[in-house]
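Just coords-v3.txt here, compact mmCIF, C-alpha atoms:
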# COMPACT_ATOMS: atom_id res chain seq x y z
CA MET R 1 -28.57 -139.44 -54.72
CA ARG R 2 -31.19 -139.54 -51.99
CA LEU R 3 -34.60 -138.20 -52.87
CA SER R 4 -37.12 -136.32 -50.82
CA SER R 5 -40.15 -138.29 -49.73
CA LYS R 6 -42.18 -135.97 -51.92
CA GLN R 7 -40.14 -136.98 -54.96
CA ILE R 8 -40.38 -140.73 -54.49
CA PRO R 9 -43.23 -142.39 -56.40
CA TYR R 10 -45.22 -144.68 -54.17
CA SER R 11 -47.99 -147.05 -55.14
CA GLY R 12 -49.79 -149.41 -52.81
CA LEU R 13 -49.98 -153.12 -53.40
CA GLU R 14 -52.85 -154.32 -55.54
CA GLY R 15 -55.65 -156.40 -54.11
CA CYS R 16 -56.43 -160.03 -54.84
CA LEU R 17 -57.86 -161.17 -58.16
CA PHE R 18 -61.25 -162.85 -58.30
CA GLY R 19 -63.21 -164.58 -61.00
CA SER R 20 -63.17 -167.74 -63.07
CA ILE R 21 -59.51 -168.15 -63.92
CA SER R 22 -57.07 -171.03 -63.81
CA PRO R 23 -54.84 -171.24 -60.72
CA PHE R 24 -51.64 -170.87 -62.75
CA VAL R 25 -52.85 -167.72 -64.52
CA ARG R 26 -54.16 -166.21 -61.31
CA ARG R 27 -50.91 -166.93 -59.52
CA TRP R 28 -48.83 -165.30 -62.25
CA LYS R 29 -51.02 -162.20 -62.47
CA SER R 30 -51.13 -161.81 -58.70
CA SER R 31 -47.36 -161.96 -58.32
CA GLU R 32 -46.78 -159.47 -61.12
CA ARG R 33 -49.20 -156.93 -59.67
CA GLN R 34 -47.99 -157.35 -56.10
CA THR R 35 -44.26 -156.93 -56.59
CA ARG R 36 -42.56 -153.60 -55.86
CA ALA R 37 -38.96 -152.47 -56.09
CA GLY R 38 -36.92 -149.35 -55.44
CA THR R 39 -33.61 -147.85 -54.34
CA THR R 40 -34.67 -145.37 -51.64
CA THR R 41 -37.24 -145.01 -48.89
CA PRO R 42 -38.75 -141.68 -47.77
CA VAL R 43 -36.91 -139.51 -45.24
CA PRO R 44 -37.77 -136.06 -43.85
CA ASP R 45 -36.64 -133.21 -46.07
CA GLU R 46 -34.24 -131.82 -43.45
CA VAL R 47 -32.24 -135.07 -43.48
CA LEU R 48 -31.47 -134.60 -47.18
CA ASP R 49 -29.45 -131.47 -46.39
CA GLN R 50 -27.03 -133.28 -44.08
CA LYS R 51 -23.58 -134.00 -45.47
CA PRO R 52 -22.25 -137.56 -45.24
CA LYS R 53 -19.73 -138.03 -42.44
CA SER R 54 -18.11 -141.25 -43.65
CA PRO R 55 -16.18 -141.99 -46.85
CA PHE R 56 -18.08 -145.29 -47.14
CA TYR R 57 -21.77 -145.68 -47.90
CA PHE R 58 -24.39 -148.16 -49.14
CA GLU R 59 -25.89 -148.21 -52.63
CA THR R 60 -29.10 -150.19 -52.14
CA GLY R 61 -31.84 -151.77 -54.20
CA TYR R 62 -34.82 -153.67 -52.80
CA ALA R 63 -37.57 -155.98 -54.05
CA LEU R 64 -40.83 -156.52 -52.15
CA PHE R 65 -43.69 -158.98 -52.48
CA ALA R 66 -46.91 -159.19 -50.50
CA LYS R 67 -49.87 -161.53 -50.91
CA ARG R 68 -52.20 -158.89 -49.51
CA PRO R 69 -52.05 -155.09 -49.29
CA SER R 70 -50.71 -153.34 -46.23
CA ARG R 71 -53.42 -152.18 -43.84
CA PRO R 72 -53.65 -148.41 -43.31
CA PHE R 73 -52.19 -147.18 -40.06
CA PRO R 74 -54.83 -146.22 -37.47
CA PRO R 75 -55.13 -142.74 -35.92
CA PRO R 76 -53.21 -140.96 -34.47
CA PHE R 77 -50.40 -142.33 -36.67
CA LEU R 78 -52.42 -141.43 -39.78
CA SER R 79 -55.14 -138.79 -39.71
CA LEU R 80 -58.05 -140.13 -41.75
CA PRO R 81 -60.37 -137.95 -43.85
CA SER R 82 -63.56 -136.74 -42.24
CA GLY R 83 -66.72 -138.70 -42.85
CA SER R 84 -68.84 -135.59 -43.39
CA PHE R 85 -68.43 -131.90 -44.14
CA SER R 86 -69.61 -130.98 -40.64
CA ASP R 87 -67.29 -133.33 -38.77
CA PRO R 88 -64.31 -131.42 -37.29
CA LEU R 89 -62.71 -134.42 -35.57
CA THR R 90 -59.84 -134.75 -38.04
CA THR R 91 -56.75 -132.82 -38.99
CA HIS R 92 -56.63 -134.30 -42.47
CA ASN R 93 -58.13 -131.13 -43.96
CA ARG R 94 -55.09 -129.10 -42.86
CA SER R 95 -52.81 -130.83 -45.33
CA ARG R 96 -52.77 -133.19 -48.26
CA ASP R 97 -49.88 -135.00 -46.59
CA SER R 98 -50.89 -138.65 -46.32
CA ARG R 99 -47.66 -139.77 -44.67
CA SER R 100 -47.70 -141.41 -41.23
CA TYR R 101 -46.36 -139.67 -38.13
CA VAL R 102 -45.40 -140.52 -34.56
CA ASN R 103 -44.39 -137.99 -31.90
CA GLY R 104 -44.56 -135.27 -34.54
CA GLU R 105 -42.01 -136.99 -36.82
CA MET R 106 -42.62 -138.70 -40.14
CA ILE R 107 -42.38 -142.48 -39.74
CA ARG R 108 -39.43 -143.50 -41.86
CA GLY R 109 -39.28 -146.43 -44.25
CA ILE R 110 -42.09 -148.13 -46.14
CA THR R 111 -44.48 -150.98 -45.38
CA ASN R 112 -44.63 -154.23 -47.33
CA GLY R 113 -47.60 -156.28 -46.20
CA ASP R 114 -46.71 -156.69 -42.52
CA ASP R 115 -43.00 -156.05 -43.10
CA ALA R 116 -41.09 -152.78 -42.82
CA VAL R 117 -38.14 -151.67 -44.96
CA LEU R 118 -35.74 -148.78 -44.46
CA VAL R 119 -32.81 -147.70 -46.64
CA GLY R 120 -30.15 -145.20 -45.60
CA ASP R 121 -26.58 -144.31 -46.55
CA ASN R 122 -25.19 -146.31 -43.63
CA PHE R 123 -28.21 -148.21 -42.29
CA ILE R 124 -30.50 -150.79 -43.89
CA GLY R 125 -33.19 -152.70 -42.03
CA ALA R 126 -35.92 -155.26 -42.68
CA ASN R 127 -38.44 -156.12 -39.97
CA ASP R 128 -40.76 -159.07 -40.59
CA GLY R 129 -44.13 -158.49 -38.92
CA VAL R 130 -46.09 -161.57 -37.86
CA GLY R 131 -49.13 -161.57 -40.13
CA ALA R 132 -51.30 -163.71 -37.84
CA TRP R 133 -52.01 -160.60 -35.76
CA ALA R 134 -54.38 -159.45 -38.52
CA MET R 135 -56.83 -162.08 -37.19
CA ARG R 136 -56.81 -160.68 -33.67
CA PRO R 137 -58.62 -157.65 -32.21
CA LYS R 138 -56.38 -154.58 -32.08
CA GLY R 139 -53.75 -156.51 -34.03
CA HIS R 140 -51.48 -154.53 -36.37
CA ALA R 141 -48.11 -156.18 -37.02
CA ALA R 142 -47.23 -153.73 -39.81
CA LEU R 143 -47.45 -150.82 -37.37
CA TRP R 144 -45.18 -152.60 -34.92
CA SER R 145 -42.56 -153.55 -37.52
CA ARG R 146 -42.50 -150.05 -39.00
CA LEU R 147 -42.33 -148.19 -35.66
CA ILE R 148 -39.48 -150.33 -34.32
CA LEU R 149 -37.48 -149.82 -37.51
CA HIS R 150 -38.21 -146.07 -37.47
CA PHE R 151 -37.09 -145.60 -33.87
CA TRP R 152 -34.10 -147.91 -34.45
CA ALA R 153 -32.83 -145.73 -37.31
CA LEU R 154 -33.37 -142.55 -35.30
CA GLU R 155 -31.38 -143.87 -32.34
CA ALA R 156 -28.53 -144.79 -34.68
CA GLU R 157 -28.54 -141.28 -36.15
CA ARG R 158 -28.51 -139.61 -32.75
CA ASP R 159 -25.40 -141.46 -31.63
CA SER R 160 -22.45 -139.49 -32.96
CA ALA R 161 -20.28 -142.61 -32.74
CA VAL R 162 -22.09 -144.02 -35.76
CA ASN R 163 -21.22 -141.12 -38.02
CA TYR R 164 -18.07 -139.66 -36.57
CA SER R 165 -15.52 -141.12 -34.14
CA THR R 166 -13.85 -138.58 -31.87
CA THR R 167 -11.83 -141.25 -30.09
CA ALA R 168 -10.39 -144.56 -31.14
CA SER R 169 -12.67 -146.41 -28.71
CA ALA R 170 -15.94 -144.90 -29.94
CA GLU R 171 -18.21 -147.39 -31.65
CA PRO R 172 -21.94 -147.81 -32.20
CA SER R 173 -24.19 -150.03 -30.11
CA PRO R 174 -27.01 -151.32 -32.35
CA VAL R 175 -28.50 -153.58 -29.67
CA ASP R 176 -28.92 -150.60 -27.35
CA TYR R 177 -30.53 -148.66 -30.19
CA LEU R 178 -32.94 -151.54 -30.79
CA GLN R 179 -33.76 -151.77 -27.08
CA LYS R 180 -34.66 -148.07 -26.99
CA ALA R 181 -36.68 -148.47 -30.20
CA TYR R 182 -38.58 -151.39 -28.66
CA GLU R 183 -39.37 -149.38 -25.52
CA GLN R 184 -40.53 -146.37 -27.55
CA THR R 185 -42.77 -148.62 -29.66
CA LEU R 186 -44.30 -150.13 -26.52
CA GLU R 187 -45.08 -146.63 -25.30
CA ALA R 188 -46.48 -145.47 -28.66
CA THR R 189 -48.82 -148.48 -28.93
CA SER R 190 -50.09 -148.39 -25.34
CA SER R 191 -53.38 -146.96 -24.11
CA PRO R 192 -55.13 -144.86 -25.31
CA ASN R 193 -53.63 -145.89 -28.68
CA GLU R 194 -53.41 -149.60 -27.90
CA TRP R 195 -52.34 -151.84 -30.80
CA HIS R 196 -50.89 -155.33 -30.66
CA GLY R 197 -48.29 -156.98 -32.83
CA THR R 198 -44.92 -158.72 -32.99
CA THR R 199 -42.03 -158.55 -35.42
CA THR R 200 -38.61 -159.99 -36.03
CA ALA R 201 -35.81 -157.50 -36.61
CA CYS R 202 -32.60 -157.42 -38.62
CA ALA R 203 -30.39 -154.57 -39.74
CA ALA R 204 -26.90 -153.73 -40.95
CA LEU R 205 -25.16 -150.58 -39.72
CA LEU R 206 -22.07 -149.37 -41.58
CA HIS R 207 -19.39 -147.74 -39.43
CA HIS R 208 -15.96 -146.38 -40.26
CA ASP R 209 -13.48 -145.35 -37.59
CA SER R 210 -10.69 -143.29 -39.13
CA ASN R 211 -8.59 -143.91 -36.01
CA SER R 212 -8.64 -147.71 -36.34
CA SER R 213 -5.44 -149.53 -37.24
CA SER R 214 -6.91 -151.31 -40.28
CA GLY R 215 -8.81 -148.31 -41.63
CA LYS R 216 -11.43 -150.70 -43.00
CA PRO R 217 -15.16 -150.16 -42.51
CA ILE R 218 -17.15 -152.48 -40.27
CA VAL R 219 -20.73 -153.64 -40.69
CA TYR R 220 -22.58 -154.15 -37.41
CA VAL R 221 -25.16 -156.84 -38.11
CA THR R 222 -28.01 -157.18 -35.60
CA ASN R 223 -30.61 -159.93 -35.75
CA LEU R 224 -33.51 -161.16 -33.65
CA GLY R 225 -35.68 -163.87 -35.21
CA ASP R 226 -35.52 -165.88 -38.41
CA SER R 227 -34.69 -163.26 -41.02
CA GLN R 228 -31.17 -163.37 -42.40
CA VAL R 229 -28.30 -161.06 -43.27
CA LEU R 230 -25.59 -162.25 -45.66
CA VAL R 231 -22.31 -160.49 -46.44
CA MET R 232 -20.79 -161.49 -49.79
CA ARG R 233 -17.45 -160.81 -51.42
CA PRO R 234 -18.07 -161.07 -55.19
CA ARG R 235 -14.36 -160.77 -55.91
CA ASP R 236 -13.75 -164.11 -54.17
CA GLN R 237 -17.19 -165.52 -55.03
CA GLU R 238 -17.93 -166.39 -51.43
CA ILE R 239 -20.17 -165.59 -48.47
CA ILE R 240 -18.03 -164.24 -45.65
CA PHE R 241 -20.79 -163.98 -43.04
CA LYS R 242 -24.38 -164.99 -42.36
CA THR R 243 -26.65 -164.69 -39.35
CA THR R 244 -28.13 -167.62 -37.46
CA GLU R 245 -31.89 -168.03 -37.19
CA GLN R 246 -33.43 -167.78 -33.71
CA TRP R 247 -36.51 -169.88 -32.92
CA HIS R 248 -38.53 -170.72 -29.81
CA TRP R 249 -39.67 -173.85 -31.59
CA PHE R 250 -40.05 -174.88 -35.21
CA ASP R 251 -41.80 -172.15 -37.25
CA CYS R 252 -42.02 -169.82 -34.26
CA PRO R 253 -39.17 -167.30 -34.34
CA ARG R 254 -38.03 -164.98 -31.60
CA GLN R 255 -39.97 -161.74 -31.92
CA LEU R 256 -40.49 -158.37 -30.28
CA GLY R 257 -43.92 -157.23 -29.19
CA THR R 258 -47.16 -158.21 -27.52
CA ASN R 259 -46.97 -161.26 -25.21
CA SER R 260 -43.43 -162.08 -26.32
CA PRO R 261 -40.80 -162.69 -23.61
CA ASP R 262 -38.04 -161.65 -26.01
CA THR R 263 -36.18 -158.35 -25.64
CA PRO R 264 -33.25 -156.91 -27.63
CA GLN R 265 -30.94 -156.76 -24.61
CA ALA R 266 -31.58 -160.41 -23.72
CA ASN R 267 -31.99 -162.04 -27.13
CA ALA R 268 -30.67 -159.92 -30.03
CA ARG R 269 -27.42 -161.09 -31.60
CA MET R 270 -24.89 -158.54 -32.87
CA ASP R 271 -21.85 -159.39 -35.00
CA LYS R 272 -19.09 -157.15 -36.35
CA VAL R 273 -17.98 -157.92 -39.91
CA GLU R 274 -14.94 -156.23 -41.44
CA VAL R 275 -15.75 -155.37 -45.05
CA GLU R 276 -14.18 -153.68 -48.05
CA GLU R 277 -15.37 -151.75 -51.07
CA ASN R 278 -17.66 -153.69 -53.44
CA ASP R 279 -18.71 -156.20 -50.79
CA ILE R 280 -22.47 -156.86 -50.80
CA VAL R 281 -24.79 -156.92 -47.78
CA ILE R 282 -28.17 -158.66 -48.20
CA ALA R 283 -31.02 -158.49 -45.69
CA MET R 284 -33.81 -161.00 -46.37
CA SER R 285 -37.02 -161.99 -44.66
CA ASP R 286 -37.65 -165.67 -43.97
CA GLY R 287 -39.78 -166.08 -47.10
CA VAL R 288 -36.63 -165.99 -49.20
CA VAL R 289 -34.49 -168.04 -46.83
CA ASP R 290 -37.16 -170.77 -46.64
CA ASN R 291 -37.10 -171.30 -50.41
CA LEU R 292 -33.47 -170.80 -51.44
CA TRP R 293 -30.38 -172.46 -50.05
CA GLU R 294 -27.31 -170.38 -49.29
CA HIS R 295 -25.38 -171.54 -52.36
CA GLU R 296 -28.37 -170.73 -54.59
CA VAL R 297 -28.51 -167.18 -53.25
CA LEU R 298 -24.78 -166.74 -53.89
CA GLU R 299 -25.00 -168.14 -57.42
CA ASN R 300 -28.03 -166.02 -58.29
CA VAL R 301 -26.41 -162.80 -57.02
CA LEU R 302 -23.12 -163.46 -58.82
CA ASN R 303 -24.92 -164.23 -62.11
CA SER R 304 -26.99 -161.05 -61.82
CA ILE R 305 -23.90 -158.95 -61.16
CA ARG R 306 -22.12 -160.50 -64.14
CA LYS R 307 -25.05 -159.77 -66.45
CA TRP R 308 -25.31 -156.23 -65.18
CA GLU R 309 -21.62 -155.42 -65.50
CA SER R 310 -21.23 -157.08 -68.91
CA GLY R 311 -24.16 -155.12 -70.36
CA GLU R 312 -26.06 -158.26 -71.39
CA LEU R 313 -29.31 -156.51 -70.52
CA GLY R 314 -28.75 -153.88 -73.17
CA GLU R 315 -28.05 -150.20 -72.60
CA ASN R 316 -31.51 -149.04 -73.66
CA THR R 317 -33.66 -151.36 -71.57
CA LYS R 318 -35.50 -150.08 -68.55
CA ASP R 319 -33.50 -152.52 -66.40
CA ARG R 320 -30.18 -150.96 -67.45
CA ALA R 321 -30.50 -147.63 -65.67
CA PRO R 322 -27.21 -145.97 -64.64
CA GLY R 323 -25.80 -146.16 -61.13
CA ALA R 324 -24.78 -148.85 -58.65
CA ALA R 325 -28.14 -148.64 -56.86
CA SER R 326 -29.91 -149.60 -60.08
CA GLY R 327 -27.61 -152.60 -60.37
CA MET R 328 -28.50 -153.68 -56.84
CA LEU R 329 -32.17 -153.20 -57.72
CA TYR R 330 -31.73 -155.67 -60.58
CA VAL R 331 -29.93 -158.13 -58.27
CA ALA R 332 -32.73 -157.93 -55.68
CA ASP R 333 -35.42 -158.37 -58.34
CA GLN R 334 -33.75 -161.46 -59.80
CA LEU R 335 -33.33 -162.98 -56.35
CA MET R 336 -37.01 -162.40 -55.61
CA LYS R 337 -38.01 -164.07 -58.88
CA ALA R 338 -35.88 -167.11 -58.04
CA ALA R 339 -37.51 -167.44 -54.61
CA ARG R 340 -40.99 -167.08 -56.12
CA LEU R 341 -40.22 -169.74 -58.71
CA VAL R 342 -39.43 -172.29 -56.00
CA ALA R 343 -42.30 -171.18 -53.77
CA GLU R 344 -44.90 -171.77 -56.50
CA ASP R 345 -43.51 -175.17 -57.52
CA PRO R 346 -45.45 -177.94 -55.70
CA TYR R 347 -42.65 -180.43 -56.39
CA ALA R 348 -39.61 -178.31 -55.57
CA GLU R 349 -37.25 -179.07 -52.71
CA SER R 350 -36.75 -176.21 -50.30
CA PRO R 351 -34.88 -175.53 -47.05
CA PHE R 352 -38.17 -175.17 -45.16
CA MET R 353 -39.41 -178.50 -46.52
CA GLU R 354 -36.18 -180.13 -45.35
CA ARG R 355 -36.55 -178.71 -41.84
CA ALA R 356 -40.23 -179.68 -41.71
CA VAL R 357 -39.39 -183.29 -42.61
CA GLU R 358 -36.74 -183.33 -39.87
CA GLU R 359 -39.49 -182.26 -37.45
CA GLY R 360 -41.63 -185.20 -38.58
CA LEU R 361 -44.06 -183.08 -40.64
CA ALA R 362 -45.32 -184.18 -44.05
CA MET R 363 -44.54 -181.43 -46.54
CA GLU R 364 -43.28 -181.11 -50.10
CA GLY R 365 -42.73 -178.32 -52.59
CA GLY R 366 -41.81 -174.68 -52.12
CA LEU R 367 -43.25 -172.51 -49.42
CA LEU R 368 -45.60 -169.76 -50.56
CA ALA R 369 -47.72 -169.68 -47.40
CA ARG R 370 -47.40 -171.27 -44.01
CA SER R 371 -50.38 -172.63 -42.16
CA LEU R 372 -51.21 -170.52 -39.11
CA ASN R 373 -50.61 -172.08 -35.74
CA LEU R 374 -51.87 -169.75 -33.02
CA ARG R 375 -50.42 -170.27 -29.57
CA GLU R 376 -51.44 -168.73 -26.27
CA LEU R 377 -48.16 -166.89 -25.86
CA LEU R 378 -46.70 -166.31 -29.32
CA LEU R 379 -47.81 -166.40 -32.92
CA THR R 380 -46.05 -168.32 -35.63
CA SER R 381 -44.81 -166.39 -38.62
CA SER R 382 -47.42 -166.40 -41.36
CA GLN R 383 -45.71 -165.62 -44.66
CA VAL R 384 -47.74 -162.92 -46.35
CA SER R 385 -44.85 -160.68 -47.37
CA TRP R 386 -41.26 -161.11 -48.50
CA THR R 387 -38.49 -158.55 -48.41
CA ILE R 388 -35.02 -158.40 -50.01
CA LEU R 389 -32.52 -155.56 -49.62
CA VAL R 390 -29.21 -155.71 -51.50
CA SER R 391 -26.54 -153.11 -50.66
CA LEU R 392 -23.20 -152.53 -52.37
CA LEU R 393 -20.45 -150.96 -50.25
CA ARG R 394 -19.01 -147.89 -52.00
CA TYR R 395 -16.15 -145.46 -51.35
CA VAL R 396 -16.51 -141.76 -52.11
CA GLY R 397 -12.91 -141.40 -53.30
CA ASP R 398 -9.67 -140.11 -51.83
CA GLU R 399 -10.36 -136.50 -52.83
CA LYS R 400 -13.56 -136.51 -50.76
CA VAL R 401 -12.01 -137.97 -47.60
CA GLU R 402 -10.03 -134.83 -46.79
CA GLU R 403 -13.12 -132.68 -47.33
CA LEU R 404 -15.18 -134.87 -44.98
CA SER R 405 -12.48 -134.77 -42.31
CA LYS R 406 -12.61 -130.95 -42.28
CA SER R 407 -16.41 -130.74 -42.19
CA PRO R 408 -17.96 -129.80 -38.83
CA LEU R 409 -20.33 -132.25 -37.23
CA ASN R 410 -23.85 -131.88 -38.55
CA PRO R 411 -26.62 -131.86 -35.95
CA VAL R 412 -28.98 -134.80 -36.26
As structure tokens, please, write out the structure in this file.
Amino acid sequence: MRLSSKQIPYSGLEGCLFGSISPFVRRWKSSERQTRAGTTTPVPDEVLDQKPKSPFYFETGYALFAKRPSRPFPPPFLSLPSGSFSDPLTTHNRSRDSRSYVNGEMIRGITNGDDAVLVGDNFIGANDGVGAWAMRPKGHAALWSRLILHFWALEAERDSAVNYSTTASAEPSPVDYLQKAYEQTLEATSSPNEWHGTTTACAALLHHDSNSSSGKPIVYVTNLGDSQVLVMRPRDQEIIFKTTEQWHWFDCPRQLGTNSPDTPQANARMDKVEVEENDIVIAMSDGVVDNLWEHEVLENVLNSIRKWESGELGENTKDRAPGAASGMLYVADQLMKAARLVAEDPYAESPFMERAVEEGLAMEGGLLARSLNLRELLLTSSQVSWTILVSLLRYVGDEKVEELSKSPLNPV
């Protein structure tokens, strides 16, 4: 069940710890206080009233980690409180609503450090903002990653082909949606509200065409940069699809935004993956991919699913909440813990270490933070936040399909 943004508890990431404390204790306390998880992200209240138009949907859980809190969005995206009782130059006093807005609409998703996360019934996305922009004037990568994801989701909703196919040839076009989202973000962050930033982008869009010969749903996977989307089939214990990382050079991914030559139309890669019920779609930022090999991700996910389904966690524990989304939440949390374990081990072998050695760089251990390497044109990806979304493909049931087929199209 999707919740209203007013019903979803939200707590910001805690700040850094200071004081005389051993590195190992500080590291453990920091990671515990800076990890978040959930199954939904806020959406406008009117969206909750819309009926689903497809018999297939995502049940999603996510785990988030950030080394530093997300920066507040600047005006006009967030109206800040007045500095004095006599200052009328704010609209904050009109409402206690602290949510962010653009073009009169609530900005969807949530922010994780410089990353953005969005969860929907048929759309999940994870944009990895480049944290090095925090060191530059007018730099705000979190704003860029969140706006692009927000506009991307809106464009997908507005295209009726995503939710309902009137002809056999109708199909969504995620790259076009991303291109429009990129252009709208450029406009929203231009003068007089000029803000700079870059972000990678990856998303999975679930589409079902009732007129297709196979009748199976298709996941449209779109990627630009070095984040990764995996599609798993637990029944066969295998990964049936994964995206390919896109780099300009080592440790500098393709990215959308200020000074970047990359555009969705020219550089985004879109793949169509035929899926079935109980397949799993995982969207991960590079912080996870840099510390866990593909087979380790598969093994970790399968073990978590087995523990969840067998009830090894115990029926009365807080981890064993009912519902498939809660199961995916547990899977995402365990995968995040595995990545953190490698990242904090100075002697561990990691995929990023392997690639660095191939580039002739001296490096060992897991990767908790990359060194910044500022270039004139682009910024390398400074790992200050990690994101994992795990979605289970579900089917509403045969009795619901006939009801959905008779339902009129809902305006978006």
Considering all atoms listed in the file, return as a count of residues only whatever protein or nucleic-acid residues lie within 9 Å of Val289 (chain R), sequence-local ones (same chain, fewer than 2 positions apart) excluded.
-> 15
Identify which of the residues R:Cys252, R:Ala283, R:Ile388, R:Glu312 lies closest to Ala332 (chain R), counting all atoms listed in the file when measuring atom-to-atom distances.
->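 Closest to Ala332 (chain R), using all atoms listed in the file: R:Ile388.
You will find CA of Gly113 (chain R) at 13.7 Å from CA of Thr198 (chain R).
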CA of Gln255 (chain R) to CA of Ser145 (chain R), distance in Å rounded to a single decimal =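 Separation between CA of Gln255 (chain R) and CA of Ser145 (chain R): 10.3 Å.
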Just how far from CA of Glu277 (chain R) is CA of Asp290 (chain R), in Å to one decimal?
->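 Those two atoms sit 29.3 Å apart.
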